[in-house]
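Data from entry30.tsv: TSV, C-alpha atoms and all ligand atoms
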```tsv
chain	number	residue	atom	x	y	z
V	1	MET	CA	-2.20	7.52	0.78
V	2	GLY	CA	0.00	4.43	0.87
V	3	HIS	CA	1.70	2.97	-2.22
V	4	GLY	CA	3.69	-0.25	-1.99
V	5	ILE	CA	3.37	-4.02	-1.86
V	6	GLN	CA	1.36	-6.64	0.02
V	7	ASN	CA	3.39	-9.76	0.93
V	8	TYR	CA	2.08	-13.31	0.66
V	9	THR	CA	3.21	-16.91	0.99
V	10	CYS	CA	1.82	-20.12	-0.50
V	11	ALA	CA	2.24	-23.38	1.42
V	12	SER	CA	1.56	-25.39	-1.75
V	13	ALA	CA	0.16	-24.98	-5.24
V	14	ASP	CA	-3.38	-25.78	-4.10
V	15	ALA	CA	-3.24	-23.62	-0.95
V	16	THR	CA	-4.73	-20.16	-0.47
V	17	ALA	CA	-2.15	-17.37	-0.41
V	18	VAL	CA	-1.69	-16.00	3.12
V	19	ASN	CA	-0.99	-12.30	3.67
V	20	VAL	CA	2.16	-11.94	5.79
V	21	GLY	CA	2.85	-8.22	5.71
V	22	ALA	CA	3.17	-5.09	3.66
V	23	LEU	CA	5.54	-2.25	2.83
V	24	ALA	CA	4.35	1.16	1.66
V	25	VAL	CA	5.44	4.76	1.38
V	26	LEU	CA	2.86	7.19	2.81
V	27	TYR	CA	1.91	10.59	1.36
V	28	ASP	CA	-0.22	13.32	2.94
V	29	VAL	CA	-3.23	13.79	0.66
V	30	THR	CA	-5.19	15.71	3.31
V	31	PRO	CA	-4.80	19.03	1.41
V	32	LEU	CA	-6.36	17.40	-1.69
V	33	TYR	CA	-9.63	16.66	0.15
V	34	PRO	CA	-12.52	18.15	-1.89
V	35	GLY	CA	-13.52	21.57	-0.63
V	36	THR	CA	-10.18	22.32	1.03
V	37	SER	CA	-9.51	25.98	0.27
V	38	GLY	CA	-6.92	26.47	-2.47
V	39	THR	CA	-5.72	22.84	-2.65
V	40	GLY	CA	-8.83	20.59	-2.74
V	41	VAL	CA	-9.41	18.57	-5.92
V	42	ASP	CA	-12.73	17.59	-7.54
V	43	THR	CA	-14.68	14.84	-5.76
V	44	ALA	CA	-14.23	12.53	-8.76
V	45	VAL	CA	-10.46	13.06	-8.78
V	46	PHE	CA	-10.23	12.35	-5.03
V	47	ALA	CA	-12.38	9.20	-5.39
V	48	ASN	CA	-10.00	7.91	-8.09
V	49	LEU	CA	-6.73	8.83	-6.33
V	50	SER	CA	-5.80	5.24	-5.49
V	51	SER	CA	-6.13	4.15	-9.12
V	52	ALA	CA	-4.32	7.20	-10.43
V	53	VAL	CA	-1.35	6.55	-8.14
V	54	LEU	CA	-1.26	2.77	-8.75
V	55	PHE	CA	-1.27	3.13	-12.52
V	56	ASN	CA	0.86	6.25	-12.92
V	57	GLN	CA	3.52	6.31	-10.21
V	58	ASP	CA	6.40	3.83	-10.18
V	59	ILE	CA	6.34	1.63	-7.06
V	60	PRO	CA	8.25	3.85	-4.59
V	61	LEU	CA	10.37	1.05	-3.08
V	62	ASN	CA	13.85	-0.28	-3.79
V	63	LEU	CA	12.82	-3.34	-5.82
V	64	VAL	CA	15.22	-6.19	-6.46
V	65	ASP	CA	14.24	-5.83	-10.14
V	66	PRO	CA	13.91	-2.06	-10.69
V	67	ALA	CA	12.38	-2.68	-14.13
V	68	ALA	CA	9.28	-4.09	-12.38
V	69	ALA	CA	8.57	-0.76	-10.67
V	70	SER	CA	6.99	0.85	-13.69
V	71	PRO	CA	3.21	0.36	-13.53
V	72	ALA	CA	2.91	0.12	-17.31
V	73	VAL	CA	4.98	-3.06	-17.54
V	74	PRO	CA	2.50	-5.75	-16.42
V	75	VAL	CA	-0.43	-4.02	-18.09
V	76	ALA	CA	1.34	-3.95	-21.43
V	77	ASN	CA	2.55	-7.52	-21.67
V	78	ASP	CA	2.06	-9.36	-18.36
V	79	ALA	CA	5.81	-9.98	-18.35
V	80	VAL	CA	6.06	-9.30	-14.64
V	81	THR	CA	5.11	-11.94	-12.07
V	82	GLU	CA	4.62	-11.44	-8.36
V	83	SER	CA	8.13	-12.71	-7.70
V	84	ASP	CA	9.43	-9.68	-9.57
V	85	TYR	CA	7.84	-7.24	-7.10
V	86	GLN	CA	10.22	-8.23	-4.28
V	87	ALA	CA	11.69	-5.29	-2.42
V	88	ASP	CA	15.27	-5.19	-1.20
V	89	SER	CA	14.82	-6.70	2.28
V	90	ALA	CA	17.78	-4.92	3.82
V	91	ASN	CA	16.91	-1.52	2.42
V	92	PRO	CA	13.35	-1.34	1.02
V	93	PHE	CA	12.71	2.40	1.35
V	94	PRO	CA	14.50	4.90	-0.92
V	95	SER	CA	16.51	7.54	0.85
V	96	PRO	CA	16.00	10.41	0.65
V	97	ALA	CA	12.24	9.89	0.33
V	98	THR	CA	10.53	11.77	-2.46
V	99	ASP	CA	7.13	13.42	-2.66
V	100	LEU	CA	4.28	12.19	-4.83
V	101	ASP	CA	4.32	14.20	-8.05
V	102	LEU	CA	1.91	13.23	-10.82
V	103	SER	CA	1.65	16.49	-12.72
V	104	ALA	CA	-0.15	14.92	-15.70
V	105	GLN	CA	-2.93	13.83	-13.31
V	106	GLY	CA	-2.86	17.15	-11.42
V	107	ILE	CA	-1.90	15.38	-8.19
V	108	ALA	CA	0.95	16.22	-5.81
V	109	ALA	CA	1.40	15.24	-2.16
V	110	LYS	CA	4.15	15.45	0.42
V	111	TYR	CA	6.01	12.41	1.71
V	112	LEU	CA	4.60	11.50	5.14
V	113	GLY	CA	6.29	8.30	6.32
V	114	HIS	CA	6.47	4.52	6.05
V	115	HIS	CA	4.15	1.56	6.62
V	116	TYR	CA	5.66	-1.84	7.41
V	117	PHE	CA	5.18	-4.88	9.67
V	118	ASP	CA	7.54	-5.05	12.65
V	119	ALA	CA	9.39	-8.10	14.01
V	120	ASN	CA	6.19	-9.09	15.91
V	121	SER	CA	4.16	-8.90	12.68
V	122	ALA	CA	2.35	-5.77	13.90
V	123	PRO	CA	1.17	-3.36	11.19
V	124	THR	CA	3.21	-0.23	11.86
V	125	PHE	CA	2.97	3.34	10.60
V	126	ASP	CA	5.93	5.63	11.21
V	127	LEU	CA	5.03	9.26	10.55
V	128	SER	CA	7.64	10.56	12.99
V	129	ALA	CA	9.98	12.08	10.41
V	130	SER	CA	7.38	14.41	8.93
V	131	THR	CA	4.89	15.07	11.74
V	132	SER	CA	5.22	15.80	15.44
V	133	GLY	CA	6.24	12.23	16.30
V	134	LEU	CA	3.10	10.38	15.22
V	135	PHE	CA	3.56	6.59	15.34
V	136	PHE	CA	1.13	3.67	15.29
V	137	SER	CA	1.61	0.01	16.17
V	138	GLY	CA	-1.69	-1.72	15.50
V	139	ALA	CA	-3.72	-4.88	15.19
V	140	LYS	CA	-6.66	-5.65	12.92
V	141	ILE	CA	-10.05	-5.29	14.57
V	142	GLY	CA	-12.35	-5.39	11.56
V	143	ASP	CA	-12.47	-5.92	7.81
V	144	VAL	CA	-14.97	-5.70	4.99
V	145	LYS	CA	-14.77	-6.54	1.31
V	146	PRO	CA	-14.10	-3.55	-0.95
V	147	PRO	CA	-16.94	-2.35	-3.18
V	148	THR	CA	-17.33	-4.38	-6.37
V	149	THR	CA	-16.29	-1.27	-8.30
V	150	ALA	CA	-12.86	-1.17	-6.57
V	151	ASP	CA	-9.81	-1.13	-8.83
V	152	LYS	CA	-8.58	-4.74	-9.27
V	153	GLY	CA	-5.00	-3.60	-9.72
V	154	LEU	CA	-2.07	-4.12	-12.06
V	155	MET	CA	-2.70	-7.84	-12.55
V	156	ALA	CA	-6.51	-7.66	-12.20
V	157	THR	CA	-6.46	-9.88	-9.11
V	158	GLY	CA	-8.67	-7.62	-6.96
V	159	ALA	CA	-8.51	-4.91	-4.31
V	160	VAL	CA	-7.55	-5.82	-0.74
V	161	ASP	CA	-10.16	-5.54	2.03
V	162	TRP	CA	-11.00	-2.32	3.82
V	163	LEU	CA	-9.78	-2.57	7.42
V	164	GLU	CA	-10.01	-1.04	10.86
V	165	LEU	CA	-6.85	-1.25	12.97
V	166	GLY	CA	-6.74	-0.48	16.69
V	167	ASP	CA	-3.78	0.08	19.00
V	168	ASN	CA	-2.23	-3.30	19.93
V	169	GLY	CA	-1.50	-2.35	23.53
V	170	ARG	CA	2.28	-2.66	23.30
V	171	GLY	CA	2.76	0.98	24.30
V	172	LEU	CA	4.45	1.98	21.05
V	173	SER	CA	1.76	4.21	19.48
V	174	LYS	CA	2.09	7.97	19.80
V	175	GLY	CA	-0.83	10.26	18.97
V	176	VAL	CA	-2.75	7.70	16.88
V	177	SER	CA	-5.45	5.37	18.22
V	178	ASN	CA	-7.14	4.02	15.08
V	179	VAL	CA	-6.30	3.62	11.41
V	180	TYR	CA	-8.77	2.76	8.65
V	181	ARG	CA	-7.57	1.35	5.31
V	182	VAL	CA	-10.11	2.27	2.63
V	183	VAL	CA	-10.43	2.93	-1.12
V	184	THR	CA	-7.99	0.10	-1.87
V	185	ALA	CA	-6.67	-0.56	-5.39
V	186	GLY	CA	-5.01	-3.89	-6.20
V	187	GLY	CA	-2.96	-5.92	-3.72
V	188	VAL	CA	-4.76	-9.30	-3.86
V	189	ALA	CA	-2.45	-12.27	-4.57
V	190	GLU	CA	-2.69	-14.42	-7.65
V	191	ALA	CA	-3.85	-17.99	-7.02
V	192	CYS	CA	-1.10	-20.19	-5.59
V	193	SER	CA	-1.58	-22.47	-8.59
V	194	VAL	CA	-0.27	-19.84	-11.06
V	195	SER	CA	2.78	-21.54	-12.48
V	196	GLY	CA	6.10	-20.01	-11.51
V	197	ALA	CA	4.56	-16.89	-10.05
V	198	ASN	CA	4.20	-17.93	-6.43
V	199	PRO	CA	7.15	-20.03	-5.24
V	200	GLU	CA	6.14	-22.30	-2.37
V	201	GLY	CA	7.32	-21.16	1.02
V	202	GLN	CA	8.83	-17.91	-0.26
V	203	VAL	CA	7.44	-14.41	0.23
V	204	PHE	CA	6.10	-12.83	-2.94
V	205	SER	CA	4.45	-9.45	-3.36
V	206	MET	CA	1.62	-7.64	-5.14
V	207	PRO	CA	1.51	-3.85	-5.66
V	208	TYR	CA	-1.32	-1.86	-4.05
V	209	VAL	CA	-2.47	1.61	-3.12
V	210	ALA	CA	-4.87	2.56	-0.32
V	211	GLN	CA	-6.11	5.53	1.62
V	212	TYR	CA	-5.21	5.34	5.32
V	213	TRP	CA	-7.30	7.51	7.64
V	214	PHE	CA	-5.56	8.26	10.96
V	215	TYR	CA	-7.48	9.11	14.14
V	216	GLY	CA	-5.89	10.56	17.27
K	1	LIG	C1	-9.03	6.47	-12.65
K	1	LIG	O1	-7.63	6.32	-12.85
K	1	LIG	C2	-7.29	5.30	-13.79
K	1	LIG	C3	-5.77	5.18	-13.78
K	1	LIG	O2	-5.15	6.39	-14.09
K	1	LIG	C4	-7.83	5.65	-15.15
K	1	LIG	O3	-7.52	4.64	-16.07
K	1	LIG	C5	-9.33	5.81	-15.05
K	1	LIG	O4	-9.83	6.26	-16.28
K	1	LIG	C6	-9.70	6.81	-13.96
K	1	LIG	N1	-11.13	6.79	-13.77
K	1	LIG	C7	-11.83	7.90	-13.66
K	1	LIG	C8	-13.29	7.73	-13.45
K	1	LIG	O5	-11.32	9.01	-13.73
K	2	LIG	C1	7.78	-8.09	2.42
K	2	LIG	O1	8.56	-8.55	1.37
K	2	LIG	C2	9.72	-7.77	1.12
K	2	LIG	C3	10.41	-8.37	-0.07
K	2	LIG	O2	9.62	-8.17	-1.20
K	2	LIG	C4	10.63	-7.78	2.32
K	2	LIG	O3	11.67	-6.87	2.10
K	2	LIG	C5	9.85	-7.35	3.55
K	2	LIG	O4	10.66	-7.52	4.67
K	2	LIG	C6	8.60	-8.18	3.69
K	2	LIG	N1	7.88	-7.72	4.85
K	2	LIG	C7	7.06	-8.49	5.52
K	2	LIG	C8	6.44	-7.91	6.72
K	2	LIG	O5	6.80	-9.62	5.18
```
Just dump the structure as structure tokens.
Ligand SMILES: *[C@@H]1O[C@H](CO)[C@@H](O)[C@H](O)[C@H]1NC(C)=O
Ligand SMILES: *[C@@H]1O[C@H](CO)[C@@H](O)[C@H](O)[C@H]1NC(C)=O
Amino acid sequence: MGHGIQNYTCASADATAVNVGALAVLYDVTPLYPGTSGTGVDTAVFANLSSAVLFNQDIPLNLVDPAAASPAVPVANDAVTESDYQADSANPFPSPATDLDLSAQGIAAKYLGHHYFDANSAPTFDLSASTSGLFFSGAKIGDVKPPTTADKGLMATGAVDWLELGDNGRGLSKGVSNVYRVVTAGGVAEACSVSGANPEGQVFSMPYVAQYWFYG
């Protein structure tokens, strides 16, 4: 499970926002899979995990405006714009990392690692701190629209596409050959024309949650 932000830029007010990267903290929800002895949750709870995390856990990044991290803020009064979801570029990931703990929703999961885009704009998953060195440096090889029932997110803009990523051949991946991004919640940019929200030429961000399925 990844929880973080999708980055975008707008070339002009009448342009289409272009996705330029993402930052997310990853949690191991494998033990929650329905039917797992002792730890599995109900099928309906698992199917709704992305929504539950998006709407109940603060964005687990060091945001420039920490007040924007609380998921209730934009829902209550729409006072937060995409510019407010900027992470601290120099130091986006909190240290030490914390586990996912949503006791009111009956959901807990261990911290697993980080997702980010590297200097070559490659989607990267670093699970090395919490697993036996797993690391993935990928490239997109397929995408499909999410189901129409997908959670449209904190600002009701829509859920990002479901994706298949393959290894990008740079020799950086360790123990992972494919990653699927599925069951997305939120993450689509507002229109570039939204006044004040999407400054031209600057990176702005939209919160999202997704399941990432890793294959060796
Ligand atoms: C899914 O989670 C969201 C956010 O917590 C909640 O509003 C919604 O009622 C849940 N849906 C189901 C079917 O449990
Ligand atoms: C995404 O934006 C954040 C600022 O919100 C920045 O720290 C991060 O470096 C950006 N990453 C990419 C890949 O654009």
Give the padded box for ligand LIG 1 (chain K) as JSON: axis-aligned, covering all atoms listed in the file, 6 Å on each side, centre and edge lengths in Å to one decimal.
```
{"center_x": -9.2, "center_y": 6.8, "center_z": -14.5, "size_x": 20.1, "size_y": 16.4, "size_z": 15.6}
```
Q: List all protein, DNA and RNA residues that have an atom no more than 10 Å from any atom of ligand LIG 2 (chain K), counting only C-alpha atoms and all ligand atoms, and report them as a PyMOL selection string.
A: chain V and resi 4-9+19-24+61-64+82-93+115-124+202-206
Q) When you draw a straight line from atom CA of V:Ser137 to atom CA of V:Tyr212, how long is it in Å? A)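 Result for atom CA of V:Ser137 versus atom CA of V:Tyr212: 13.9 Å, one decimal.
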Q. Using all atoms listed in the file, what are the residues with an atom within 8 Å of ligand LIG 1 (chain K), set out as a ChimeraX atom specification?
A. /V:44-45,48-56,105
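Put simply, atom CA of V:Gln211 is 8.8 Å away from atom CA of V:Val29.
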Q) Between atom CA of V:Leu112 and atom CA of V:Pro147, what is the spacing in Å? A)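 It comes out at 26.9 Å.
Take the candidates V:Val188, V:Gly35, V:Leu172, V:Gly216 and check each one against V:Phe135 using only C-alpha atoms; the shortest distance goes to V:Leu172.
For V:Ala159, the non-local neighbours within 9 Å, defined as residues at least 6 positions apart in the same chain or in other chains and counting all atoms listed in the file, are V:Lys145, V:Pro146, V:Pro147, V:Ala150, V:Asp151, V:Lys152, V:Gly153, V:Val183, V:Thr184, V:Ala185, V:Gly186, V:Gly187, V:Val188, V:Tyr208, V:Val209.
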